[in-house]
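Shown below: target27.txt, with compact mmCIF, C-alpha atoms.
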```
# COMPACT_ATOMS: atom_id res chain seq x y z
CA MET A 1 157.13 43.39 59.41
CA LYS A 2 155.71 46.82 58.65
CA ILE A 3 156.00 49.57 61.24
CA PRO A 4 154.22 52.94 60.91
CA TYR A 5 156.79 55.73 60.83
CA TYR A 6 156.70 59.40 61.77
CA PRO A 7 159.59 61.31 60.10
CA GLY A 8 159.00 64.76 61.63
CA CYS A 9 159.87 68.11 60.06
CA THR A 10 163.64 67.93 59.86
CA LEU A 11 164.06 64.47 58.37
CA ASN A 12 162.28 65.42 55.18
CA THR A 13 164.63 68.32 54.53
CA VAL A 14 168.01 69.07 56.12
CA SER A 15 168.44 65.55 57.49
CA LYS A 16 167.24 63.56 54.50
CA GLY A 17 170.26 61.26 54.78
CA PHE A 18 169.07 60.17 58.22
CA ASP A 19 165.65 59.23 56.82
CA LEU A 20 166.91 57.47 53.66
CA SER A 21 169.66 55.46 55.37
CA ALA A 22 167.21 54.36 58.07
CA ARG A 23 164.62 53.15 55.57
CA ALA A 24 167.21 51.24 53.52
CA SER A 25 168.79 49.71 56.65
CA ALA A 26 165.36 48.63 57.90
CA ARG A 27 164.80 46.69 54.69
CA SER A 28 168.21 45.00 55.07
CA VAL A 29 167.35 43.71 58.54
CA GLY A 30 163.79 42.69 57.76
CA PHE A 31 161.30 45.45 58.44
CA GLU A 32 159.59 48.16 56.46
CA MET A 33 159.03 51.70 57.70
CA GLU A 34 155.67 52.88 56.47
CA GLU A 35 155.37 56.66 56.58
CA LEU A 36 152.09 57.92 58.06
CA ALA A 37 149.65 59.02 55.38
CA GLN A 38 149.03 62.23 57.30
CA TRP A 39 151.22 63.92 59.87
CA ASN A 40 152.12 67.34 61.23
CA CYS A 41 154.97 68.82 63.26
CA CYS A 42 155.16 67.47 66.82
CA GLY A 43 156.01 70.91 68.21
CA ALA A 44 159.64 69.99 68.86
CA THR A 45 159.33 70.56 72.58
CA PHE A 46 157.35 68.86 75.32
CA PRO A 47 155.84 71.56 77.52
CA LEU A 48 157.34 71.22 80.99
CA SER A 49 154.61 73.24 82.67
CA PRO A 50 151.67 70.88 83.00
CA ASP A 51 148.95 73.49 82.50
CA ASN A 52 150.18 74.20 78.96
CA LEU A 53 147.77 71.81 77.27
CA ILE A 54 147.53 73.64 73.97
CA ALA A 55 151.15 72.67 73.27
CA LEU A 56 150.13 69.02 73.46
CA SER A 57 147.54 69.32 70.72
CA ALA A 58 150.03 69.03 67.82
CA PRO A 59 151.70 65.81 69.05
CA ALA A 60 148.32 64.40 70.14
CA LYS A 61 147.04 64.96 66.58
CA VAL A 62 150.00 62.98 65.25
CA LEU A 63 149.22 60.15 67.68
CA ALA A 64 145.50 60.16 66.90
CA ASN A 65 146.21 59.91 63.17
CA ALA A 66 148.78 57.16 63.69
CA ARG A 67 146.40 55.11 65.85
CA LYS A 68 143.92 54.93 62.97
CA GLY A 69 146.49 52.91 61.02
CA GLY A 70 148.08 50.70 63.66
CA GLU A 71 149.08 50.04 67.25
CA GLU A 72 152.65 51.25 67.16
CA LEU A 73 154.65 54.14 65.83
CA THR A 74 158.36 54.55 65.28
CA THR A 75 160.46 57.64 64.84
CA LEU A 76 164.14 58.49 64.43
CA CYS A 77 164.60 62.01 65.76
CA SER A 78 165.26 62.07 69.52
CA VAL A 79 163.06 65.12 70.01
CA CYS A 80 160.09 63.63 68.16
CA TYR A 81 160.52 60.47 70.20
CA ASN A 82 160.55 62.40 73.46
CA VAL A 83 157.58 64.61 72.60
CA LEU A 84 155.42 61.79 71.19
CA LYS A 85 156.21 59.36 73.99
CA ARG A 86 155.57 61.84 76.78
CA THR A 87 152.41 63.19 75.14
CA ASN A 88 151.19 59.64 74.78
CA ALA A 89 151.72 59.07 78.51
CA VAL A 90 149.55 62.12 79.27
CA MET A 91 146.83 60.91 76.89
CA LYS A 92 146.88 57.49 78.47
CA GLY A 93 147.17 58.41 82.13
CA ASP A 94 145.28 61.66 82.64
CA LYS A 95 141.59 61.43 81.87
CA GLU A 96 140.87 65.09 82.43
CA LYS A 97 143.68 66.37 80.21
CA ARG A 98 142.87 63.75 77.57
CA SER A 99 139.35 65.06 77.34
CA VAL A 100 140.48 68.69 76.95
CA ILE A 101 143.14 67.82 74.34
CA ASN A 102 140.76 65.59 72.38
CA GLY A 103 138.38 68.55 72.38
CA PHE A 104 141.10 70.78 70.87
CA ILE A 105 141.95 68.33 68.09
CA ASN A 106 138.48 66.89 67.49
CA GLU A 107 139.59 63.29 68.00
CA GLU A 108 138.95 60.49 70.49
CA TYR A 109 142.45 59.26 71.17
CA ASP A 110 143.09 57.19 74.31
CA GLY A 111 146.88 56.80 74.47
CA SER A 112 146.84 53.18 73.30
CA LEU A 113 149.66 53.59 70.79
CA SER A 114 153.09 52.19 71.55
CA ILE A 115 155.93 54.63 70.68
CA ILE A 116 159.17 52.87 69.82
CA HIS A 117 162.42 54.41 68.69
CA TYR A 118 164.25 52.88 65.72
CA LEU A 119 167.04 51.76 68.06
CA GLU A 120 164.46 49.91 70.17
CA ILE A 121 163.22 48.09 67.08
CA LEU A 122 166.77 47.00 66.32
CA ARG A 123 167.31 45.84 69.91
CA ASP A 124 163.91 44.39 70.83
CA LYS A 125 162.15 43.36 67.64
CA VAL A 126 164.97 42.54 65.22
CA GLY A 127 167.69 41.77 67.77
CA PHE A 128 171.29 42.98 67.59
CA ASP A 129 172.43 39.43 66.81
CA LYS A 130 170.37 39.51 63.61
CA VAL A 131 171.72 42.95 62.77
CA LYS A 132 175.20 41.51 63.21
CA ALA A 133 174.38 38.61 60.93
CA ALA A 134 173.19 41.04 58.22
CA VAL A 135 176.43 43.07 58.25
CA LYS A 136 178.25 42.98 54.91
CA LYS A 137 181.05 45.39 55.73
CA PRO A 138 182.10 45.24 59.41
CA LEU A 139 183.30 48.64 60.60
CA THR A 140 186.39 47.14 62.19
CA GLY A 141 188.62 49.58 64.00
CA LEU A 142 186.30 52.57 63.62
CA LYS A 143 186.48 54.31 67.00
CA THR A 144 183.00 55.71 67.37
CA GLY A 145 181.61 57.99 70.05
CA ALA A 146 177.88 57.50 70.61
CA TYR A 147 176.33 60.81 71.61
CA TYR A 148 172.91 60.36 73.25
CA GLY A 149 172.16 63.94 74.20
CA CYS A 150 169.10 64.57 76.38
CA MET A 151 165.89 63.74 74.64
CA LEU A 152 166.40 60.02 74.05
CA LEU A 153 166.96 59.50 77.75
CA ARG A 154 165.24 62.06 79.92
CA PRO A 155 163.02 62.26 81.82
CA PHE A 156 161.14 59.01 81.43
CA GLU A 157 159.69 58.12 84.81
CA ASP A 158 159.02 54.62 83.61
CA ARG A 159 162.07 53.26 81.85
CA GLY A 160 162.66 55.02 78.54
CA ILE A 161 164.87 53.79 75.77
CA ASP A 162 167.56 52.77 78.29
CA ASP A 163 169.02 53.68 81.69
CA SER A 164 169.05 57.50 81.76
CA GLU A 165 172.47 57.78 83.42
CA ARG A 166 174.30 54.76 81.96
CA PRO A 167 172.76 53.95 78.60
CA VAL A 168 174.31 51.24 76.40
CA ILE A 169 171.84 50.79 73.53
CA PHE A 170 173.95 52.86 71.09
CA GLU A 171 177.16 51.07 72.03
CA ASP A 172 175.47 47.68 71.61
CA MET A 173 174.36 48.68 68.13
CA LEU A 174 177.88 49.85 67.27
CA LYS A 175 179.34 46.54 68.45
CA ALA A 176 176.82 44.67 66.31
CA VAL A 177 178.10 46.44 63.18
CA GLY A 178 181.71 45.79 64.16
CA ALA A 179 182.65 49.33 65.21
CA GLU A 180 184.55 50.12 68.37
CA PRO A 181 182.42 52.21 70.76
CA VAL A 182 184.33 54.84 72.73
CA GLU A 183 183.18 55.72 76.25
CA PHE A 184 183.28 59.43 77.03
CA PRO A 185 181.87 61.30 80.03
CA ASN A 186 179.84 63.89 78.12
CA LYS A 187 177.82 61.41 76.07
CA ILE A 188 174.60 62.27 77.94
CA GLU A 189 175.30 65.99 78.46
CA CYS A 190 173.23 68.66 76.70
CA CYS A 191 174.51 70.19 73.41
CA GLY A 192 172.72 73.52 74.03
CA ALA A 193 169.72 72.65 71.85
CA HIS A 194 167.46 75.53 70.79
CA LEU A 195 169.66 78.10 72.52
CA ALA A 196 171.57 77.99 69.21
CA MET A 197 168.92 80.52 68.19
CA SER A 198 169.78 83.08 70.84
CA ASN A 199 173.03 82.22 72.57
CA THR A 200 175.67 80.90 70.22
CA GLY A 201 178.41 81.24 72.83
CA LEU A 202 176.63 78.92 75.23
CA VAL A 203 175.98 76.29 72.56
CA THR A 204 179.59 76.47 71.37
CA LYS A 205 180.76 75.86 74.91
CA LEU A 206 178.41 72.96 75.71
CA SER A 207 178.83 71.24 72.35
CA GLY A 208 182.54 71.97 72.47
CA ASN A 209 182.75 70.18 75.84
CA VAL A 210 181.05 67.15 74.27
CA MET A 211 183.47 67.14 71.35
CA THR A 212 186.65 67.58 73.38
CA SER A 213 185.45 64.90 75.79
CA ALA A 214 184.93 62.51 72.86
CA ALA A 215 188.22 63.44 71.20
CA ASP A 216 190.20 63.07 74.45
CA ASN A 217 188.87 59.53 74.76
CA GLY A 218 189.94 58.55 71.29
CA ALA A 219 186.78 58.95 69.18
CA GLU A 220 187.36 59.41 65.45
CA ILE A 221 183.71 59.89 64.51
CA ILE A 222 180.49 60.73 66.39
CA VAL A 223 177.07 59.21 65.82
CA THR A 224 173.84 60.76 67.06
CA SER A 225 170.10 60.47 66.55
CA CYS A 226 169.10 64.11 66.81
CA PRO A 227 169.38 66.63 63.95
CA LEU A 228 169.76 69.54 66.36
CA CYS A 229 172.58 67.81 68.27
CA GLN A 230 174.21 67.04 64.93
CA TYR A 231 173.98 70.69 63.88
CA ASN A 232 175.23 72.07 67.19
CA LEU A 233 178.14 69.65 67.47
CA GLU A 234 179.20 70.40 63.90
CA GLN A 235 179.04 74.16 64.48
CA SER A 236 181.03 73.96 67.69
CA GLN A 237 183.99 72.37 65.94
CA THR A 238 184.63 75.47 63.83
CA ALA A 239 185.17 77.49 67.00
CA LEU A 240 187.15 74.69 68.67
CA ALA A 241 189.48 74.31 65.71
CA SER A 242 190.22 78.04 65.55
CA ALA A 243 190.58 78.43 69.34
CA THR A 244 192.97 75.55 69.88
CA GLY A 245 195.40 74.60 67.17
CA ASP A 246 195.60 70.97 68.28
CA TYR A 247 191.89 70.15 68.00
CA LYS A 248 191.08 68.11 64.89
CA PRO A 249 187.42 68.26 63.80
CA MET A 250 185.78 64.89 63.24
CA PRO A 251 182.71 63.84 61.25
CA ILE A 252 179.36 63.86 63.10
CA ILE A 253 176.84 61.61 61.43
CA TYR A 254 173.55 59.84 62.11
CA PHE A 255 173.75 56.32 63.48
CA THR A 256 171.70 55.00 60.56
CA GLN A 257 174.32 56.26 58.10
CA LEU A 258 176.92 54.09 59.83
CA LEU A 259 174.45 51.22 60.06
CA GLY A 260 173.68 51.55 56.34
CA LEU A 261 177.38 51.52 55.50
CA ALA A 262 177.88 48.30 57.46
CA LEU A 263 174.81 46.71 55.89
CA GLY A 264 176.31 47.26 52.43
CA GLN A 265 174.45 50.32 51.17
CA PRO A 266 176.49 52.24 48.55
CA VAL A 267 178.31 55.03 50.34
CA GLU A 268 177.04 57.68 47.89
CA THR A 269 173.42 56.96 48.93
CA LEU A 270 174.00 57.65 52.62
CA GLY A 271 173.89 61.46 52.51
CA PHE A 272 177.41 62.13 53.84
CA GLU A 273 177.77 65.06 51.44
CA LYS A 274 175.51 67.17 53.67
CA ASN A 275 177.98 67.07 56.56
CA VAL A 276 180.13 70.08 57.35
CA TRP A 277 182.97 67.76 58.36
CA ASP A 278 183.41 65.20 55.62
CA ALA A 279 183.34 61.55 56.69
CA MET A 280 184.86 60.24 53.46
CA PRO A 281 188.58 60.72 54.23
CA LEU A 282 188.23 58.77 57.49
CA LEU A 283 186.12 56.02 55.90
CA LYS A 284 188.62 55.72 53.03
CA LYS A 285 191.52 55.56 55.48
CA LYS A 286 189.77 52.68 57.27
CA GLY A 287 189.08 50.90 54.00
CA LEU A 288 185.32 51.34 54.38
CA ALA A 289 184.60 53.53 51.40
CA MET B 1 173.36 89.20 102.08
CA LYS B 2 170.56 90.37 104.35
CA ILE B 3 167.05 89.64 103.20
CA ARG B 4 163.72 90.45 104.77
CA LEU B 5 161.26 87.58 104.92
CA SER B 6 157.53 87.76 105.42
CA GLY B 7 154.89 85.12 105.95
CA ALA B 8 152.66 86.98 103.50
CA ASP B 9 155.24 86.47 100.73
CA ILE B 10 156.03 82.87 101.62
CA ASP B 11 152.41 81.79 101.39
CA GLY B 12 151.51 84.55 98.98
CA PRO B 13 149.50 84.36 95.78
CA ARG B 14 152.55 84.70 93.53
CA VAL B 15 154.16 81.57 94.95
CA LYS B 16 150.84 79.73 94.73
CA HIS B 17 150.45 80.84 91.12
CA ILE B 18 153.92 79.52 90.26
CA GLU B 19 153.07 76.21 91.93
CA ARG B 20 149.85 75.97 89.95
CA VAL B 21 151.41 76.73 86.57
CA THR B 22 154.49 74.59 87.12
CA GLY B 23 152.82 71.69 88.93
CA GLU B 24 155.68 71.57 91.43
CA ASP B 25 155.55 71.64 95.23
CA LEU B 26 158.39 74.05 95.92
CA LYS B 27 158.67 72.98 99.56
CA HIS B 28 159.78 69.49 98.57
CA CYS B 29 163.28 70.75 97.79
CA TYR B 30 165.73 70.16 100.65
CA GLN B 31 168.68 71.94 99.07
CA CYS B 32 171.04 69.07 98.34
CA GLY B 33 172.32 70.98 95.32
CA LYS B 34 172.44 68.07 92.86
CA CYS B 35 170.49 70.12 90.30
CA SER B 36 173.02 72.96 90.34
CA ALA B 37 175.88 70.46 90.20
CA GLY B 38 174.45 68.62 87.19
CA CYS B 39 173.09 71.64 85.33
CA PRO B 40 175.15 72.22 82.17
CA VAL B 41 174.32 75.94 82.10
CA SER B 42 174.43 76.87 85.80
CA TYR B 43 177.79 78.55 85.13
CA LEU B 44 175.88 81.24 83.21
CA MET B 45 172.93 81.58 85.57
CA GLU B 46 172.73 84.59 87.86
CA VAL B 47 170.76 82.38 90.25
CA PRO B 48 171.58 78.65 90.00
CA PRO B 49 168.79 76.03 90.06
CA SER B 50 168.98 75.04 93.74
CA ARG B 51 168.93 78.70 94.78
CA VAL B 52 165.87 79.28 92.60
CA MET B 53 164.07 76.69 94.70
CA ARG B 54 165.25 78.23 97.98
CA LEU B 55 164.34 81.78 96.99
CA LEU B 56 160.85 80.67 95.93
CA GLN B 57 160.41 78.78 99.20
CA LEU B 58 161.17 82.08 100.93
CA GLY B 59 158.70 83.97 98.75
CA ARG B 60 161.44 85.91 96.95
CA VAL B 61 159.81 85.71 93.51
CA ASP B 62 161.27 89.07 92.36
CA ASP B 63 164.83 87.84 92.92
CA VAL B 64 164.22 84.90 90.59
CA GLU B 65 162.33 86.91 87.99
CA ALA B 66 165.09 89.51 87.83
CA ALA B 67 167.74 86.87 87.09
CA ASN B 68 168.59 85.51 83.65
CA THR B 69 168.07 81.94 84.87
CA MET B 70 164.70 81.14 83.28
CA TRP B 71 165.92 82.38 79.89
CA VAL B 72 169.14 80.41 80.04
CA CYS B 73 167.66 77.07 81.15
CA VAL B 74 167.83 74.82 78.11
CA GLY B 75 165.30 72.26 79.39
CA CYS B 76 167.63 69.23 79.28
CA VAL B 77 165.90 68.00 82.48
CA GLN B 78 169.12 66.75 84.05
CA CYS B 79 168.02 68.48 87.31
CA TYR B 80 164.86 66.39 87.47
CA ALA B 81 166.60 63.17 86.44
CA ARG B 82 169.00 63.55 89.38
CA CYS B 83 166.70 65.07 92.05
CA PRO B 84 166.26 62.71 95.00
CA LYS B 85 162.98 64.44 95.86
CA GLY B 86 161.49 64.35 92.37
CA CYS B 87 161.48 68.13 91.91
CA SER B 88 161.84 69.51 88.41
CA VAL B 89 163.56 72.89 88.46
CA ALA B 90 163.26 72.83 84.65
CA SER B 91 159.46 72.77 85.07
CA VAL B 92 159.59 75.60 87.59
CA LEU B 93 161.69 77.71 85.24
CA GLU B 94 159.54 76.87 82.23
CA GLY B 95 156.42 77.77 84.21
CA MET B 96 157.94 81.07 85.27
CA ARG B 97 158.88 81.73 81.65
CA GLN B 98 155.31 80.94 80.62
CA ILE B 99 153.98 83.38 83.22
CA GLN B 100 156.16 86.14 81.71
CA LEU B 101 155.25 85.23 78.14
CA ARG B 102 151.53 85.13 78.91
CA LYS B 103 151.79 88.65 80.29
CA GLY B 104 153.64 89.66 77.15
CA THR B 105 156.66 90.75 79.16
CA GLY B 106 159.23 88.18 78.09
CA PRO B 107 162.00 88.91 75.64
CA THR B 108 161.15 87.88 72.12
CA LEU B 109 164.46 87.45 70.44
CA ILE B 110 163.28 86.94 66.86
CA LYS B 111 165.07 89.99 65.46
CA ASP B 112 168.32 88.81 66.97
CA ILE B 113 168.32 85.42 65.26
CA PRO B 114 171.43 85.30 63.08
CA ILE B 115 170.75 84.92 59.35
CA PRO B 116 173.32 82.11 58.79
CA PHE B 117 171.52 80.18 61.52
CA LEU B 118 168.15 80.66 59.82
CA ARG B 119 169.61 79.37 56.55
CA LYS B 120 171.22 76.24 57.90
CA ALA B 121 169.61 75.20 61.18
CA PRO B 122 167.23 72.27 61.40
CA GLN B 123 163.60 73.39 61.59
CA GLN B 124 163.19 71.79 65.00
CA ALA B 125 165.60 74.39 66.44
CA LEU B 126 163.33 77.20 65.32
CA VAL B 127 160.10 75.51 66.36
CA CYS B 128 161.51 74.71 69.77
CA GLY B 129 163.17 78.12 70.19
CA PHE B 130 159.94 79.96 69.36
CA ARG B 131 158.01 77.77 71.78
CA LYS B 132 160.45 78.54 74.56
CA PHE B 133 160.93 82.24 73.93
CA VAL B 134 157.67 83.35 72.39
CA GLY B 135 155.17 81.03 74.08
```
Serialized structure, structure tokens:
Amino acid sequence: MKIPYYPGCTLNTVSKGFDLSARASARSVGFEMEELAQWNCCGATFPLSPDNLIALSAPAKVLANARKGGEELTTLCSVCYNVLKRTNAVMKGDKEKRSVINGFINEEYDGSLSIIHYLEILRDKVGFDKVKAAVKKPLTGLKTGAYYGCMLLRPFEDRGIDDSERPVIFEDMLKAVGAEPVEFPNKIECCGAHLAMSNTGLVTKLSGNVMTSAADNGAEIIVTSCPLCQYNLEQSQTALASATGDYKPMPIIYFTQLLGLALGQPVETLGFEKNVWDAMPLLKKKGLA
Amino acid sequence: MKIRLSGADIDGPRVKHIERVTGEDLKHCYQCGKCSAGCPVSYLMEVPPSRVMRLLQLGRVDDVEAANTMWVCVGCVQCYARCPKGCSVASVLEGMRQIQLRKGTGPTLIKDIPIPFLRKAPQQALVCGFRKFVG
């Protein structure tokens, strides 16, 4: 099974470990991610004001190119997923806007692509039972907090990746690889996102709330699917650790890195060295590395 | 607080313009307050999300424009996800931000971006930040 894949800007650079571990894990569970021959940045934000059509031209161009090679498209980054999926809904459902946007990008795209997140492939196409069967190193006893953030979940009018208030897709994946998912109240709360650019204090507070909420509920490690969440959560721990002596920073990694570890990929290929808070001591302590 | 209301403001062109840009019917809001309760950044907003809706219903556009609210909204869309009436305050605030940016009157914060952030941050943060603050 080959599935066309859109990496997006960040996965080819600062989050290369996310991309590589996902591709290798896909092969272990029976599908191939085929990177689009041509792609551009999705714009990293879906315009919330509906008259802002020019902002839809970049993601629409991605979709139009992808449609030439297939009927579906997968992505890993939560923001890319959100932007592509919502843009696709506009292209499919709004004839007038479709015509204007197609005019901008010089294409005739009709919204007939199906946008599926990597987690959805694991759940719906591969099946978590098959993922479980492919596990070589069960992550037994690894207390993992699954941080969804905003963009995987909101605001899909028709059902998105999962229930927007009580999602379980991440936890189900963690159970499949033998880890122990930890419930914590802030798992769907915002990390502060792009305000990291202009308001560090706000991001430190929001991301700090996520981290203390996870820590208070027993998480030892956090997994996420968004490079910006990963960055913000990592940054917030520096401030948390210096503000309160009893806070112990934990590793924040991409879910595919944990998946890859469980599926038997060598730990040195998973890109853990890019993390601010090293995952290796914890993984060694648990006998996983 | 005493405020002076006028029919001309309530049905005025500024409110209509906001409704056109944002795609929202401001009068749908019935002030339950779930948006302000769920908003992760309302603690920093000079005018919280539910009050934005009320002030705009009353034609008090200046009061909303003078507040920091539209520049603090992070666009997580929790307000819309939880609104029983299907209103998106995030869209209203983004539209109002767009109106400022299109006039060239919004703050462009490029010079204030910290250098360590530029070195280490994922590109998506910059792309998104520029979209939100520069237009």
Residues of chain B no more than 6 Å from chain A, counting only C-alpha atoms: send them over as a PyMOL selection string.
chain B and resi 21-22+76+81+91+95+113+122-125+128-129
Under the rule that only C-alpha atoms are counted, which of B:Lys111, B:Lys27, B:Arg60, B:Lys34 is the nearest residue to Ala8 (chain B)?
B:Arg60
Name all residues at most 10 Å from Thr69 (chain B) (count all atoms listed in the file; drop same-chain ones fewer than 4 positions away) and give them as a list in words.
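The neighbour list is Val41, Ser42, Leu44, Met45, Glu46, Val47, Pro48, Pro49, Val52, Val64, Glu65, Cys73, Val74, Leu93 and Arg97 of chain B.
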Using all atoms listed in the file, find all polymer residues with an atom at most 9 Å away from the point (179.6, 56.8, 52.0); report them as number ranges by chain.
A: 257-258, 261, 265-273, 279-280, 283, 288-289
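Using all atoms listed in the file, the nearest neighbour of Gln237 (chain A) within the list A:Val276, A:Leu84, A:Val29, A:Ala262 is A:Val276.
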